[in-house]
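This is model.pdb. It holds PDB, C-alpha atoms.
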```
ATOM      1  CA  MET A   1      -5.148  51.774 -34.585
ATOM      2  CA  ALA A   2      -6.854  52.542 -31.274
ATOM      3  CA  ALA A   3     -10.188  51.430 -32.683
ATOM      4  CA  GLY A   4      -8.610  48.161 -33.836
ATOM      5  CA  THR A   5      -7.202  47.524 -30.365
ATOM      6  CA  ALA A   6     -10.566  48.217 -28.770
ATOM      7  CA  VAL A   7     -12.286  45.749 -31.117
ATOM      8  CA  GLU A   8      -9.654  43.136 -30.351
ATOM      9  CA  ALA A   9     -10.159  43.652 -26.624
ATOM     10  CA  MET A  10     -13.914  43.364 -27.027
ATOM     11  CA  ALA A  11     -13.556  40.210 -29.075
ATOM     12  CA  ARG A  12     -11.235  38.722 -26.477
ATOM     13  CA  ALA A  13     -13.655  39.609 -23.713
ATOM     14  CA  ARG A  14     -16.492  38.026 -25.692
ATOM     15  CA  VAL A  15     -14.494  34.808 -26.241
ATOM     16  CA  GLU A  16     -13.641  34.687 -22.561
ATOM     17  CA  GLU A  17     -17.266  35.231 -21.684
ATOM     18  CA  ILE A  18     -18.373  32.404 -23.968
ATOM     19  CA  ALA A  19     -15.622  30.132 -22.640
ATOM     20  CA  GLY A  20     -16.639  31.029 -19.088
ATOM     21  CA  ARG A  21     -20.276  30.243 -19.837
ATOM     22  CA  ARG A  22     -19.329  26.936 -21.417
ATOM     23  CA  LEU A  23     -17.167  26.094 -18.443
ATOM     24  CA  GLU A  24     -19.993  26.972 -16.098
ATOM     25  CA  ALA A  25     -22.408  24.866 -18.117
ATOM     26  CA  ALA A  26     -19.980  21.926 -18.108
ATOM     27  CA  ALA A  27     -19.449  22.272 -14.367
ATOM     28  CA  GLU A  28     -23.199  22.366 -13.817
ATOM     29  CA  GLU A  29     -23.663  19.341 -16.037
ATOM     30  CA  PHE A  30     -20.930  17.457 -14.201
ATOM     31  CA  SER A  31     -22.421  18.435 -10.871
ATOM     32  CA  SER A  32     -25.737  16.883 -11.874
ATOM     33  CA  VAL A  33     -23.909  13.735 -12.970
ATOM     34  CA  VAL A  34     -22.214  13.520  -9.555
ATOM     35  CA  THR A  35     -25.508  13.957  -7.751
ATOM     36  CA  ALA A  36     -27.199  11.321  -9.864
ATOM     37  CA  HIS A  37     -24.516   8.633  -9.905
ATOM     38  CA  ARG A  38     -22.360   9.016  -6.808
ATOM     39  CA  PRO A  39     -24.520   6.715  -4.636
ATOM     40  CA  HIS A  40     -24.426   3.979  -7.313
ATOM     41  CA  ILE A  41     -20.656   4.130  -7.668
ATOM     42  CA  PHE A  42     -20.206   4.131  -3.900
ATOM     43  CA  ARG A  43     -22.568   1.182  -3.510
ATOM     44  CA  PHE A  44     -20.798  -0.839  -6.180
ATOM     45  CA  LEU A  45     -17.383  -0.139  -4.633
ATOM     46  CA  LEU A  46     -18.676  -0.896  -1.152
ATOM     47  CA  ALA A  47     -20.057  -4.246  -2.286
ATOM     48  CA  SER A  48     -16.793  -5.000  -4.143
ATOM     49  CA  THR A  49     -14.442  -4.123  -1.296
ATOM     50  CA  ARG A  50     -16.652  -4.512   1.828
ATOM     51  CA  ASP A  51     -14.679  -1.524   3.138
ATOM     52  CA  ALA A  52     -16.658   1.692   3.534
ATOM     53  CA  ASP A  53     -13.616   3.971   3.875
ATOM     54  CA  LEU A  54     -11.905   2.470   0.867
ATOM     55  CA  ALA A  55     -15.148   2.668  -1.130
ATOM     56  CA  GLU A  56     -15.441   6.351  -0.210
ATOM     57  CA  THR A  57     -11.832   7.056  -1.197
ATOM     58  CA  LEU A  58     -12.190   5.233  -4.507
ATOM     59  CA  THR A  59     -15.486   7.009  -5.195
ATOM     60  CA  GLN A  60     -13.805  10.364  -4.684
ATOM     61  CA  GLU A  61     -10.911   9.350  -6.935
ATOM     62  CA  CYS A  62     -13.401   8.157  -9.537
ATOM     63  CA  PHE A  63     -15.198  11.491  -9.695
ATOM     64  CA  LEU A  64     -11.962  13.434  -9.611
ATOM     65  CA  LYS A  65     -10.722  11.449 -12.587
ATOM     66  CA  ALA A  66     -14.077  11.842 -14.303
ATOM     67  CA  TYR A  67     -13.989  15.617 -13.748
ATOM     68  CA  ARG A  68     -10.507  15.866 -15.247
ATOM     69  CA  ASN A  69     -11.593  13.863 -18.284
ATOM     70  CA  TRP A  70     -15.105  15.222 -18.596
ATOM     71  CA  GLY A  71     -14.120  17.073 -21.750
ATOM     72  CA  SER A  72     -13.104  13.853 -23.459
ATOM     73  CA  PHE A  73     -16.376  12.086 -22.631
ATOM     74  CA  ARG A  74     -18.029  11.735 -26.018
ATOM     75  CA  GLY A  75     -21.262  10.153 -24.862
ATOM     76  CA  ASP A  76     -20.715   6.863 -26.731
ATOM     77  CA  SER A  77     -22.019   5.143 -23.627
ATOM     78  CA  SER A  78     -24.103   6.489 -20.767
ATOM     79  CA  ALA A  79     -22.370   8.582 -18.120
ATOM     80  CA  MET A  80     -23.115   5.836 -15.604
ATOM     81  CA  THR A  81     -21.338   3.202 -17.738
ATOM     82  CA  TRP A  82     -18.384   5.552 -18.246
ATOM     83  CA  LEU A  83     -18.140   6.259 -14.519
ATOM     84  CA  MET A  84     -18.481   2.576 -13.692
ATOM     85  CA  ARG A  85     -15.629   1.811 -16.053
ATOM     86  CA  ILE A  86     -13.433   4.338 -14.245
ATOM     87  CA  ALA A  87     -14.456   2.874 -10.870
ATOM     88  CA  ILE A  88     -13.654  -0.683 -11.992
ATOM     89  CA  ASN A  89     -10.220   0.380 -13.259
ATOM     90  CA  LEU A  90      -9.467   2.272 -10.039
ATOM     91  CA  GLN A  91     -10.450  -0.726  -7.988
ATOM     92  CA  LYS A  92      -8.250  -2.958 -10.144
ATOM     93  CA  ASP A  93      -5.314  -0.557  -9.742
ATOM     94  CA  HIS A  94      -5.880  -0.453  -6.001
ATOM     95  CA  TRP A  95      -5.635  -4.239  -5.611
ATOM     96  CA  ARG A  96      -2.659  -4.397  -7.952
ATOM     97  CA  ASN A  97      -0.822  -1.751  -5.924
ATOM     98  CA  ARG A  98      -1.722  -3.531  -2.737
ATOM     99  CA  ARG A  99      -0.243  -6.783  -4.055
ATOM    100  CA  MET A 100       2.969  -4.911  -4.846
ATOM    101  CA  GLN A 101       3.208  -3.673  -1.258
ATOM    102  CA  PHE A 102       4.161  -7.150  -0.111
ATOM    103  CA  TRP A 103       6.044  -5.981   2.958
ATOM    104  CA  ARG A 104       3.076  -4.171   4.390
ATOM    105  CA  LYS A 105       0.595  -5.937   6.546
ATOM    106  CA  THR A 106      -1.963  -7.522   4.292
ATOM    107  CA  ARG A 107      -4.894  -6.947   6.620
ATOM    108  CA  THR A 108      -7.607  -4.841   5.083
ATOM    109  CA  ASN A 109     -10.418  -2.938   6.702
ATOM    110  CA  SER A 110     -12.997  -5.094   4.951
ATOM    111  CA  VAL A 111     -15.763  -6.168   7.253
ATOM    112  CA  ASP A 112     -16.222  -9.905   7.621
ATOM    113  CA  LEU A 113     -19.043 -11.763   5.957
ATOM    114  CA  ASP A 114     -21.168 -12.059   9.100
ATOM    115  CA  GLU A 115     -21.042  -8.328   9.649
ATOM    116  CA  ALA A 116     -21.891  -7.635   6.020
ATOM    117  CA  SER A 117     -24.852 -10.019   6.274
ATOM    118  CA  GLU A 118     -26.261  -8.081   9.234
ATOM    119  CA  TRP A 119     -27.543  -5.343   6.978
ATOM    120  CA  LEU A 120     -31.154  -5.808   6.025
ATOM    121  CA  PRO A 121     -33.844  -3.262   5.242
ATOM    122  CA  SER A 122     -36.132  -2.638   8.165
ATOM    123  CA  GLY A 123     -39.276  -4.008   6.572
ATOM    124  CA  GLU A 124     -42.328  -5.664   8.000
ATOM    125  CA  ARG A 125     -40.798  -9.044   8.497
ATOM    126  CA  SER A 126     -41.105 -11.593  11.252
ATOM    127  CA  ALA A 127     -38.034 -12.557  13.283
ATOM    128  CA  GLU A 128     -37.951 -15.888  11.496
ATOM    129  CA  GLN A 129     -38.055 -14.241   8.075
ATOM    130  CA  GLN A 130     -35.303 -11.845   9.137
ATOM    131  CA  LEU A 131     -33.128 -14.754  10.235
ATOM    132  CA  LEU A 132     -33.791 -16.647   7.022
ATOM    133  CA  ALA A 133     -32.977 -13.581   4.928
ATOM    134  CA  ARG A 134     -29.785 -12.952   6.918
ATOM    135  CA  GLU A 135     -28.607 -16.511   6.370
ATOM    136  CA  GLN A 136     -29.370 -16.301   2.670
ATOM    137  CA  VAL A 137     -27.490 -13.027   2.378
ATOM    138  CA  GLY A 138     -24.571 -14.616   4.241
ATOM    139  CA  SER A 139     -24.507 -17.498   1.782
ATOM    140  CA  VAL A 140     -24.506 -15.131  -1.187
ATOM    141  CA  TRP A 141     -21.658 -13.099   0.365
ATOM    142  CA  LYS A 142     -19.710 -16.305   0.918
ATOM    143  CA  ALA A 143     -20.182 -17.281  -2.719
ATOM    144  CA  VAL A 144     -19.279 -13.770  -3.881
ATOM    145  CA  GLU A 145     -16.065 -13.867  -1.865
ATOM    146  CA  GLY A 146     -15.023 -17.047  -3.670
ATOM    147  CA  LEU A 147     -15.501 -15.507  -7.112
ATOM    148  CA  SER A 148     -12.690 -14.158  -9.237
ATOM    149  CA  GLU A 149     -12.400 -10.369  -9.405
ATOM    150  CA  ARG A 150     -14.036 -10.231 -12.821
ATOM    151  CA  GLN A 151     -16.836 -12.639 -11.962
ATOM    152  CA  ARG A 152     -17.554 -10.653  -8.817
ATOM    153  CA  THR A 153     -17.699  -7.397 -10.766
ATOM    154  CA  VAL A 154     -20.067  -8.875 -13.339
ATOM    155  CA  PHE A 155     -22.234 -10.431 -10.640
ATOM    156  CA  LEU A 156     -22.538  -7.220  -8.624
ATOM    157  CA  LEU A 157     -23.254  -5.088 -11.666
ATOM    158  CA  ARG A 158     -25.965  -7.492 -12.740
ATOM    159  CA  TYR A 159     -27.686  -8.396  -9.503
ATOM    160  CA  VAL A 160     -27.057  -5.348  -7.323
ATOM    161  CA  GLU A 161     -26.907  -2.519  -9.839
ATOM    162  CA  GLU A 162     -29.277  -4.348 -12.177
ATOM    163  CA  GLN A 163     -27.375  -3.340 -15.279
ATOM    164  CA  GLY A 164     -27.994  -4.910 -18.654
ATOM    165  CA  LEU A 165     -25.504  -7.261 -20.263
ATOM    166  CA  SER A 166     -24.502  -4.706 -22.887
ATOM    167  CA  GLU A 167     -23.882  -2.044 -20.227
ATOM    168  CA  ILE A 168     -21.768  -4.483 -18.209
ATOM    169  CA  ALA A 169     -19.866  -5.457 -21.332
ATOM    170  CA  GLN A 170     -19.134  -1.790 -22.058
ATOM    171  CA  ALA A 171     -18.126  -1.040 -18.484
ATOM    172  CA  ILE A 172     -15.728  -3.968 -18.251
ATOM    173  CA  GLY A 173     -14.520  -3.845 -21.834
ATOM    174  CA  LEU A 174     -15.567  -7.383 -22.760
ATOM    175  CA  ASN A 175     -18.050  -8.756 -25.241
ATOM    176  CA  GLU A 176     -21.486  -9.865 -24.136
ATOM    177  CA  GLY A 177     -20.724 -13.541 -24.612
ATOM    178  CA  THR A 178     -17.829 -13.386 -22.164
ATOM    179  CA  VAL A 179     -19.962 -11.433 -19.698
ATOM    180  CA  LYS A 180     -22.636 -14.136 -19.933
ATOM    181  CA  ALA A 181     -20.034 -16.836 -19.306
ATOM    182  CA  HIS A 182     -18.711 -15.013 -16.220
ATOM    183  CA  LEU A 183     -22.222 -14.456 -14.950
ATOM    184  CA  SER A 184     -23.145 -18.059 -15.507
ATOM    185  CA  ARG A 185     -20.132 -19.271 -13.478
ATOM    186  CA  ALA A 186     -20.850 -16.770 -10.740
ATOM    187  CA  LEU A 187     -24.472 -17.857 -10.525
ATOM    188  CA  ALA A 188     -23.446 -21.506 -10.449
ATOM    189  CA  ARG A 189     -21.295 -20.740  -7.451
ATOM    190  CA  VAL A 190     -24.077 -18.855  -5.686
ATOM    191  CA  ARG A 191     -26.478 -21.664  -6.491
ATOM    192  CA  ALA A 192     -24.038 -24.228  -5.086
ATOM    193  CA  GLU A 193     -23.632 -22.169  -1.921
ATOM    194  CA  LEU A 194     -27.393 -21.972  -1.572
ATOM    195  CA  GLY A 195     -27.681 -25.699  -2.187
ATOM    196  CA  GLY A 196     -28.651 -26.365   1.379
ATOM    197  CA  TRP A 197     -31.649 -24.085   1.063
ATOM    198  CA  ARG A 198     -33.536 -26.166  -1.482
TER     199      ARG A 198
ATOM    200  CA  MET B   1     -32.798  -8.782 -14.382
ATOM    201  CA  ARG B   2     -36.197  -8.342 -12.771
ATOM    202  CA  GLU B   3     -39.042  -9.484 -14.975
ATOM    203  CA  LYS B   4     -42.620  -8.240 -15.038
ATOM    204  CA  ASP B   5     -43.733 -11.181 -12.906
ATOM    205  CA  GLY B   6     -41.046 -10.404 -10.341
ATOM    206  CA  GLY B   7     -38.717 -13.216 -11.376
ATOM    207  CA  ILE B   8     -35.002 -12.721 -11.969
ATOM    208  CA  ARG B   9     -33.772 -13.595 -15.406
ATOM    209  CA  GLY B  10     -30.423 -15.362 -15.432
ATOM    210  CA  ALA B  11     -27.565 -14.922 -17.873
ATOM    211  CA  SER B  12     -28.984 -17.635 -20.061
ATOM    212  CA  GLY B  13     -32.340 -15.855 -20.134
ATOM    213  CA  VAL B  14     -34.032 -18.555 -18.035
ATOM    214  CA  SER B  15     -35.837 -17.628 -14.818
ATOM    215  CA  GLU B  16     -33.873 -18.573 -11.718
ATOM    216  CA  PRO B  17     -35.460 -20.874  -9.143
ATOM    217  CA  GLU B  18     -37.405 -19.182  -6.382
ATOM    218  CA  THR B  19     -34.820 -19.695  -3.630
ATOM    219  CA  LEU B  20     -32.053 -18.183  -5.709
ATOM    220  CA  GLU B  21     -34.296 -15.347  -6.753
ATOM    221  CA  GLN B  22     -35.211 -14.653  -3.143
ATOM    222  CA  ALA B  23     -31.589 -14.862  -2.005
ATOM    223  CA  LEU B  24     -30.443 -12.467  -4.715
ATOM    224  CA  SER B  25     -33.241 -10.092  -3.866
ATOM    225  CA  ASN B  26     -32.316 -10.181  -0.166
ATOM    226  CA  PHE B  27     -28.658  -9.712  -1.039
ATOM    227  CA  ARG B  28     -29.475  -6.652  -3.129
ATOM    228  CA  ALA B  29     -31.663  -5.202  -0.404
ATOM    229  CA  SER B  30     -28.895  -5.847   2.135
ATOM    230  CA  VAL B  31     -26.260  -4.090   0.018
ATOM    231  CA  PHE B  32     -28.621  -1.143  -0.499
ATOM    232  CA  ALA B  33     -29.310  -0.886   3.238
ATOM    233  CA  TRP B  34     -25.610  -1.040   4.071
ATOM    234  CA  SER B  35     -24.696   1.459   1.371
ATOM    235  CA  ASP B  36     -27.437   3.894   2.425
ATOM    236  CA  ALA B  37     -26.247   3.737   6.015
ATOM    237  CA  GLU B  38     -22.580   4.239   5.101
ATOM    238  CA  TYR B  39     -23.119   6.842   2.398
ATOM    239  CA  GLY B  40     -24.105   9.674   4.698
ATOM    240  CA  ARG B  41     -21.771   8.759   7.533
ATOM    241  CA  PRO B  42     -19.059  11.376   8.198
ATOM    242  CA  ARG B  43     -15.561   9.970   7.946
ATOM    243  CA  MET B  44     -12.123  10.821   9.186
ATOM    244  CA  ALA B  45      -9.607  11.661   6.503
ATOM    245  CA  VAL B  46      -7.415   8.751   5.507
ATOM    246  CA  ARG B  47      -3.681   8.863   6.095
ATOM    247  CA  PRO B  48      -1.809  11.341   3.899
ATOM    248  CA  VAL B  49      -0.399  10.246   0.582
ATOM    249  CA  ARG B  50       3.072  11.544   1.462
ATOM    250  CA  GLN B  51       3.387   9.077   4.317
ATOM    251  CA  ARG B  52       2.249   6.330   2.027
ATOM    252  CA  SER B  53       4.773   7.220  -0.643
ATOM    253  CA  TRP B  54       7.508   7.497   1.996
ATOM    254  CA  ARG B  55       6.668   4.050   3.249
ATOM    255  CA  LEU B  56       6.458   2.775  -0.278
ATOM    256  CA  ALA B  57       9.913   4.142  -1.087
ATOM    257  CA  ALA B  58      11.380   2.844   2.179
ATOM    258  CA  GLY B  59       9.847  -0.550   1.577
ATOM    259  CA  TRP B  60      11.213  -0.761  -1.921
ATOM    260  CA  ALA B  61      14.634   0.432  -0.758
ATOM    261  CA  LEU B  62      14.699  -2.204   1.978
ATOM    262  CA  GLY B  63      13.580  -4.832  -0.484
ATOM    263  CA  CYS B  64      16.277  -3.807  -2.953
ATOM    264  CA  VAL B  65      18.973  -3.826  -0.261
ATOM    265  CA  LEU B  66      17.936  -7.286   0.912
ATOM    266  CA  MET B  67      17.839  -8.567  -2.623
ATOM    267  CA  ALA B  68      21.214  -7.022  -3.484
ATOM    268  CA  GLY B  69      22.661  -8.478  -0.267
ATOM    269  CA  GLY B  70      21.309 -11.900  -1.076
ATOM    270  CA  VAL B  71      22.591 -11.823  -4.638
ATOM    271  CA  SER B  72      26.048 -10.472  -3.754
ATOM    272  CA  GLY B  73      26.332 -12.989  -0.892
ATOM    273  CA  GLY B  74      25.541 -15.791  -3.297
ATOM    274  CA  VAL B  75      28.033 -14.510  -5.852
ATOM    275  CA  TYR B  76      30.747 -14.140  -3.177
ATOM    276  CA  GLU B  77      30.070 -17.637  -1.852
ATOM    277  CA  ARG B  78      30.328 -19.082  -5.352
ATOM    278  CA  HIS B  79      33.516 -17.174  -6.076
ATOM    279  CA  TYR B  80      35.020 -18.267  -2.727
ATOM    280  CA  ARG B  81      34.249 -21.912  -3.428
ATOM    281  CA  GLN B  82      35.727 -21.686  -6.918
ATOM    282  CA  GLU B  83      38.868 -20.113  -5.496
ATOM    283  CA  GLN B  84      39.162 -22.810  -2.836
ATOM    284  CA  ALA B  85      38.760 -25.511  -5.467
ATOM    285  CA  ARG B  86      41.444 -23.886  -7.629
ATOM    286  CA  ILE B  87      43.893 -23.669  -4.698
ATOM    287  CA  ALA B  88      43.191 -27.294  -3.778
ATOM    288  CA  ALA B  89      43.829 -28.367  -7.388
ATOM    289  CA  VAL B  90      47.130 -26.464  -7.488
ATOM    290  CA  ARG B  91      48.217 -28.010  -4.183
ATOM    291  CA  GLU B  92      47.295 -31.477  -5.370
ATOM    292  CA  ALA B  93      49.271 -30.990  -8.599
ATOM    293  CA  GLU B  94      52.281 -29.756  -6.611
ATOM    294  CA  ARG B  95      52.041 -32.707  -4.258
ATOM    295  CA  GLN B  96      51.887 -35.161  -7.163
ATOM    296  CA  ARG B  97      54.871 -33.465  -8.788
ATOM    297  CA  LEU B  98      56.887 -33.772  -5.580
ATOM    298  CA  VAL B  99      55.869 -37.405  -5.177
ATOM    299  CA  ALA B 100      56.945 -38.123  -8.752
ATOM    300  CA  GLU B 101      60.267 -36.361  -8.242
ATOM    301  CA  GLN B 102      60.821 -38.260  -5.003
ATOM    302  CA  ARG B 103      60.076 -41.521  -6.764
ATOM    303  CA  VAL B 104      62.526 -40.730  -9.578
ATOM    304  CA  ARG B 105      65.164 -39.765  -7.026
ATOM    305  CA  GLU B 106      64.613 -42.969  -5.091
ATOM    306  CA  GLU B 107      64.825 -45.053  -8.237
ATOM    307  CA  ASP B 108      68.068 -43.339  -9.219
ATOM    308  CA  GLU B 109      69.502 -43.918  -5.795
ATOM    309  CA  LEU B 110      68.441 -47.557  -5.871
ATOM    310  CA  LEU B 111      70.016 -48.083  -9.290
ATOM    311  CA  ALA B 112      73.198 -46.413  -8.150
ATOM    312  CA  LYS B 113      73.268 -48.632  -5.091
ATOM    313  CA  VAL B 114      72.687 -51.722  -7.200
ATOM    314  CA  ASP B 115      75.440 -50.649  -9.589
ATOM    315  CA  SER B 116      77.832 -50.098  -6.743
ATOM    316  CA  ASP B 117      76.896 -53.424  -5.187
ATOM    317  CA  VAL B 118      77.243 -55.379  -8.401
ATOM    318  CA  SER B 119      80.393 -53.750  -9.728
ATOM    319  CA  ARG B 120      83.762 -55.066  -8.530
ATOM    320  CA  GLU B 121      87.229 -53.693  -8.878
ATOM    321  CA  VAL B 122      89.223 -55.446 -11.661
ATOM    322  CA  PRO B 123      92.267 -57.379 -10.317
ATOM    323  CA  SER B 124      95.665 -56.036 -11.443
ATOM    324  CA  ALA B 125      96.466 -59.234 -13.247
ATOM    325  CA  MET B 126      93.466 -58.694 -15.488
ATOM    326  CA  GLU B 127      94.297 -55.069 -16.182
ATOM    327  CA  PRO B 128      95.725 -55.586 -19.700
ATOM    328  CA  LEU B 129      92.724 -57.672 -20.703
ATOM    329  CA  ALA B 130      90.351 -55.080 -19.363
ATOM    330  CA  GLN B 131      92.146 -52.396 -21.338
ATOM    331  CA  LEU B 132      91.856 -54.460 -24.483
ATOM    332  CA  MET B 133      88.115 -54.910 -23.959
ATOM    333  CA  ALA B 134      87.744 -51.221 -23.431
ATOM    334  CA  GLU B 135      89.624 -50.465 -26.618
ATOM    335  CA  ASP B 136      87.486 -52.973 -28.573
ATOM    336  CA  GLU B 137      84.336 -51.344 -27.292
ATOM    337  CA  GLY B 138      85.782 -47.944 -28.258
ATOM    338  CA  GLU B 139      86.359 -49.060 -31.817
TER     339      GLU B 139
END
```

Please lay out the structure from this file as structure tokens.
Amino acid sequence: MAAGTAVEAMARARVEEIAGRRLEAAAEEFSSVVTAHRPHIFRFLLASTRDADLAETLTQECFLKAYRNWGSFRGDSSAMTWLMRIAINLQKDHWRNRRMQFWRKTRTNSVDLDEASEWLPSGERSAEQQLLAREQVGSVWKAVEGLSERQRTVFLLRYVEEQGLSEIAQAIGLNEGTVKAHLSRALARVRAELGGWR
Amino acid sequence: MREKDGGIRGASGVSEPETLEQALSNFRASVFAWSDAEYGRPRMAVRPVRQRSWRLAAGWALGCVLMAGGVSGGVYERHYRQEQARIAAVREAERQRLVAEQRVREEDELLAKVDSDVSREVPSAMEPLAQLMAEDEGE
């Protein structure tokens, strides 16, 4: 009887050890995913909202949600696509909740287009080239602001994150044809905004 | 997407014109620069969720009260108007009834007056004849 109890205890300890190791391995794996993809998610949310604090909050929520559901991630798509899908849904929920809060002041902390256009990499460019680039960036921001939420998401995923059509389709939950149509409309708008540059 | 020759392939698979390509490239570089600068910046914590939910609840409660007030005010106003219309209808009916009664009374009085004006007392010499006529009518 005592021997049986001892074996049971050992078995339990072994199971706990294995479970602990698995948990550690999963945590390590998730940690590497966070390190690899956090900047991308933040960048996408920043470009979508033009609000650094909101982008940071949504990024944190995204990874918290991802951590809670890490066990259910089957690897059908890449981790990046899965995380992007979570980020897109969180962003959608955020705007929906904001629309519901109709009595609150509608002002957001989004920076205006001019301020957003100020950011340029400090490369070896002349002042004239810098000015030209800034004006072009401003025009693209203006076009992006006029896009629908979905078109904007598709546009940013394609031309900022440089994702493929199939990845975008997976992240948004649409088929590739619809993604192409959204992208085409978005590009037409950008092209129209840049019309004066030709 | 970026091609080997540096061009950007559009959704339709056709290379975008140079200006568009350049603008998109600058836009991407701008977003990267902004994101890199913001990513490492320390931030203050955002306002607590509890305050948010309190405001949310208060907002909804206020909204509900205003809506309930508006609806009940409308219902009361409608009911009040209906009641006023009903009272007015009853009064009008009463007035018409009184007018009709008055008219009937006046007509009766007029007829009575006419009767009294037209009728004359029978002379005593004609009394037997009048009795005879009355008896004939009775038969």

(message) Running the ChimeraX specification (/B :<7) & /A on this model by hand, what would come out? Give it as a list of chain:residue names.
(response)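 That expression, the ChimeraX specification (/B :<7) & /A, corresponds here to A:Arg43, A:Leu46, A:Ala47, A:Ala52, A:Trp103, A:Trp119, A:Leu120, A:Pro121, A:Ala133, A:Gln136, A:Val137, A:Val140, A:Tyr159, A:Val160, A:Glu162, A:Lys180, A:Leu183, A:Ser184, A:Arg191, A:Arg198.
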
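Here atom CA of Ala36 of chain A is placed at a distance of 16.7 Å from atom CA of Glu61 of chain A.
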
(message) Using Å and a single decimal, report how far atom CA of Arg86 of chain B sits from atom CA of Gly73 of chain B.
(response) 19.8 Å

(message) I'd like to know which of A:Phe42, A:Phe73, A:Tyr67, A:Phe155 is closest to Ala186 of chain A, using all atoms listed in the file.
(response)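 The answer is A:Phe155, which sits nearest to Ala186 of chain A.
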
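Take atom CA of Ala57 of chain B and atom CA of Gly69 of chain B: the distance between them is 18.0 Å.
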
(request) Name the residues that the PyMOL selection byres ((chain A and resi 167) around 12) picks from the file above, as a PyMOL selection string, using the file's chain letters and numbers. (result) chain A and resi 76-85+154+157-158+161-166+168-176+179
